[in-house]
Amino acid sequence: MISLLTNLFDGVAYGMLLFVLACGLAVTLGLMNFVNLAHGAFAMAGGYVCAVLVNQSGWPFFAGLPLAFVSSALIGVVLERLLYRHLYSRSHLDQVLFSVGLAFMSVAAVDYIMGSSRIFIKLPAALEGQMDFFGVGIGRYRLMIIVICGLLTVALQLVLARTRFGSRLRAAVDDPRAAIGLGINVPQVFAFTFAFGCGLAGLGGALSAEILGLDPYFPLKFMIYFLIVVTVGGSSSITGPFLASLLLGIADVAGKYYVPKLGPFVIYTLMIVILIWRPNGLFGRTAAR
Amino acid sequence: MSAQADVGYHARQHGRWHPGEIVFWALALACAFLFPSRFLIMTDIVRLALFALSLDLILGYAGIVSLGHAAFFGVGAYSAGLLALHGLITEPVLALIAAGLVAMVLGFLTSFLVIRGADLTRLMVTLGISLLLEALAERFSNITGGTDGLQGIEMAPILGRFAFDMFGKVGFFYSLAVLFLLFLLARRIVHSPFGLSLRAIRNNPLRAAAIGVPVNRRLIAVYTLAAFYAGVAGALFTQTTALASLDVFSFERSADLMLVLVIGGTGYLYGGLVGAVVFRMLQEFFSNLTPQYWQFWIGLVLVVIVLIGRQRLHRWVLWAPNLVIALFAGRKAVVVIPEGDVP
């Protein structure tokens, strides 16, 4: 019973982390209809920036996290303006080829600069170890992840639903032509959203170094997880991907704990079954475009 | 001339052997005598060409984007390896066909999953299937040998007469013969009414259905056929290298395959063959340049190709040869890559 709760807790933390990593992709893939297989590369960039700042320059961990966000967002906005925006109207095949190419380049480049071994980020002492909560072991680091990611999710939902920018984004996605006609600067909205999504991925990358492991193959290894979150979650709201990541996180942790021999088998089967059953994802529709 | 006869006339015109094609195959055969010390890499190219031909059938002709074509390659490779290892079918040609059939069965079964949904779902399902098979192969390591792969595969002589030699000469001719035969079959198929209906589906499934093409049945048929081709390519891999390991299922293999086809161009069958040659040469060049980081340059090539645009690139490459051809054989003989609207 106790181990069940601990596993559930770990699964929730894992799922929250996946959500922060993948929600940028939910926007580009689900809303803007752009197949970006290089999304993990932005996460990796954030993770490595944070690692270099904390381990080598001696920055405190909590100062490294925002920097991870900012640097990934910057890389994102530069790439979006230079490369990605030319491909929005191209075929899915072109988008796949382009982003796989980018992912390959990022893998080799990071391997070249940082070496191919897994890296760790030095954590402050306050985040290490477990604490006991009514007999359930709770990792401090995982608790922090849940808090940060939970706050982010609420903030995202509020921004999308309540602010002027949120309604502009929704308008731009629903019907870009009508949105332009109403005076909304659609390319700008897309660029900003893309950069923000990349920034979140970078933050997620920095947070995930401890749990998922950070090495140059990160973009390819976790690509499928991000894609699962988005395709299973659908994209009509932020809740779909959120629930999908929680489901995936809990299922993965439970699968690894209770049936370690089956490995990732459970998740792939689950994904294929869900996609066959509901091609548009568990929760809702895909973009109308 | 009635419309139907007109269509038939043009289809037959397209189905004729172009002189360039004969030159192409003569050159392929000549390579065996021009580079007698390079049999291993040439066999590798032939294998890759067959694999790319398989993807071309579904991508170039039916417009199905697949990120997991390595699944069938891997199944073919392991089938051929297991058949040889346990002495079930020792004769390579029969084993090749058997391995192809195993992949074909898998292709038929999974085709029902693939025809559902649009591009994105297809990408995910094909990718998921290949990852699933990789996980399965790792899980059942008592059968597949796990991460070590199948070891100690001994190949019997082909047709009981030609034994595989260590320089790969027999392997090369064997692979080239298989490629040529399967190419002939593919060529016959894509120029048949069946092939024409596939192109109609690729260009507009809705309209194709409206003129009475059974869209789903055609897609299932071509997907199954492509799985057979990929399975044979995988079996060739095992037979000529006496090796089958987990990386036959890897995502990189599927992604590289895409690049091969994109370099060569889709939808005219030769794309995969030309692409395989160019890709392997690029890979050789880059890994000589930076042994560990050739993936970076491969990625760069992909990005540049997409940014320039595939059609434009092919026009540039063909510009000089076409000038020469137009000079000697007249304007009608120039080579044009019929790049359709691939989704």
# chains A, B, ... in the order shown; residues from 1 in each chain; ligands from 1
>>> residues_around(residues="segment 300-313 of chain B", least_positions_apart="6", cutoff="12 Å", atoms="only C-alpha atoms", output="JSON, numbers by chain")
{"A": [38, 82, 83, 84, 85, 86, 87, 88, 90, 91, 92, 93, 94, 95, 96, 97, 98, 99, 100, 101, 102, 103, 104, 105, 106, 107, 108, 109], "B": [255, 256, 257, 258, 259, 260, 261, 262, 263, 264, 265, 266, 271, 278, 279, 282, 283, 286, 293, 294, 319, 336, 337, 338, 339, 340, 341, 342]}
>>> residues_around(residues="Ala161 of chain A", least_positions_apart="4", cutoff="10 Å", atoms="only C-alpha atoms", output="list in words")
Ala155, Leu156, Gln157, Phe165, Gly166, Ser167, Arg170, Ser237 and Ile238 of chain A
>>> write_last_selection(atoms="C-alpha atoms", output="short mmCIF file (atom, residue, chain, number, x, y, z; two decimals), in the first residue's frame")
data_model
loop_
_atom_site.label_atom_id
_atom_site.label_comp_id
_atom_site.auth_asym_id
_atom_site.auth_seq_id
_atom_site.Cartn_x
_atom_site.Cartn_y
_atom_site.Cartn_z
CA ALA A 155 -0.68 29.80 -15.08
CA LEU A 156 -0.81 28.45 -18.63
CA GLN A 157 -4.48 27.65 -18.36
CA PHE A 165 -2.92 37.09 -25.75
CA GLY A 166 -4.68 33.81 -25.06
CA SER A 167 -7.69 34.79 -27.10
CA ARG A 170 -6.89 30.80 -30.05
CA SER A 237 -7.23 22.49 -24.63
CA ILE A 238 -4.32 22.31 -22.28
#
>>> residues_around(residues="Phe192 of chain A", least_positions_apart="2", cutoff="10 Å", atoms="only C-alpha atoms", output="list in words")
Ala73, Gly76, Val77, Glu80, Leu169, Val186, Pro187, Gln188, Val189, Phe190, Phe194, Ala195, Phe196, Gly197 and Cys198 of chain A
>>> interface_residues(of="chain B", to="chain A", cutoff="7 Å", atoms="only C-alpha atoms", output="list in words")
Val65, Leu113, Gly117, Thr121, Val125, Gly128, Leu132, Ala135, Arg139, Tyr293, Gln295, Phe296, Gly299, Leu300, Leu302, Val303, Val306 and Pro343 of chain B
>>> write_last_selection(atoms="N, CA and C atoms", output="CSV table (one decimal), in the first residue's frame")
chain,number,residue,atom,x,y,z
B,65,VAL,N,3.1,8.4,-45.4
B,65,VAL,CA,4.4,8.7,-44.7
B,65,VAL,C,4.6,7.8,-43.6
B,113,LEU,N,-4.1,-0.8,-39.3
B,113,LEU,CA,-3.9,0.3,-38.3
B,113,LEU,C,-3.5,1.6,-39.1
B,117,GLY,N,-6.9,7.1,-40.0
B,117,GLY,CA,-6.3,8.4,-39.5
B,117,GLY,C,-5.5,9.1,-40.6
B,121,THR,N,-1.3,10.6,-37.4
B,121,THR,CA,-1.6,9.3,-36.8
B,121,THR,C,-0.8,8.2,-37.4
B,125,VAL,N,1.7,5.8,-35.6
B,125,VAL,CA,1.5,4.3,-35.5
B,125,VAL,C,2.6,3.6,-36.1
B,128,GLY,N,5.4,3.8,-33.7
B,128,GLY,CA,5.1,3.0,-32.5
B,128,GLY,C,5.3,1.5,-32.8
B,132,LEU,N,7.8,-0.9,-30.9
B,132,LEU,CA,7.2,-2.0,-30.2
B,132,LEU,C,8.0,-3.3,-30.5
B,135,ALA,N,11.3,-3.3,-28.8
B,135,ALA,CA,11.2,-3.7,-27.4
B,135,ALA,C,10.9,-5.2,-27.3
B,139,ARG,N,13.1,-7.9,-25.4
B,139,ARG,CA,12.5,-8.7,-24.4
B,139,ARG,C,12.7,-10.2,-24.6
B,293,TYR,N,31.1,12.2,-35.7
B,293,TYR,CA,30.0,13.2,-35.8
B,293,TYR,C,29.4,13.3,-37.2
B,295,GLN,N,26.7,12.2,-38.2
B,295,GLN,CA,25.3,12.4,-38.1
B,295,GLN,C,25.0,13.9,-38.2
B,296,PHE,N,25.9,14.7,-37.7
B,296,PHE,CA,25.6,16.2,-37.8
B,296,PHE,C,25.5,16.6,-39.3
B,299,GLY,N,22.3,15.3,-40.9
B,299,GLY,CA,21.2,16.2,-40.5
B,299,GLY,C,21.2,17.5,-41.3
B,300,LEU,N,22.4,18.1,-41.5
B,300,LEU,CA,22.5,19.3,-42.2
B,300,LEU,C,22.0,19.1,-43.6
B,302,LEU,N,19.8,17.0,-44.7
B,302,LEU,CA,18.4,17.0,-44.6
B,302,LEU,C,17.8,18.4,-44.6
B,303,VAL,N,18.3,19.2,-43.6
B,303,VAL,CA,17.7,20.5,-43.4
B,303,VAL,C,17.9,21.3,-44.7
B,306,VAL,N,15.5,20.3,-47.5
B,306,VAL,CA,14.1,20.7,-47.3
B,306,VAL,C,14.0,22.2,-47.5
B,343,PRO,N,2.1,14.2,-49.8
B,343,PRO,CA,1.6,15.0,-48.7
B,343,PRO,C,2.6,15.3,-47.6
>>> atom_distance(atom1="atom CA of Gly267 of chain B", atom2="atom CA of Val232 of chain B")
20.5 Å
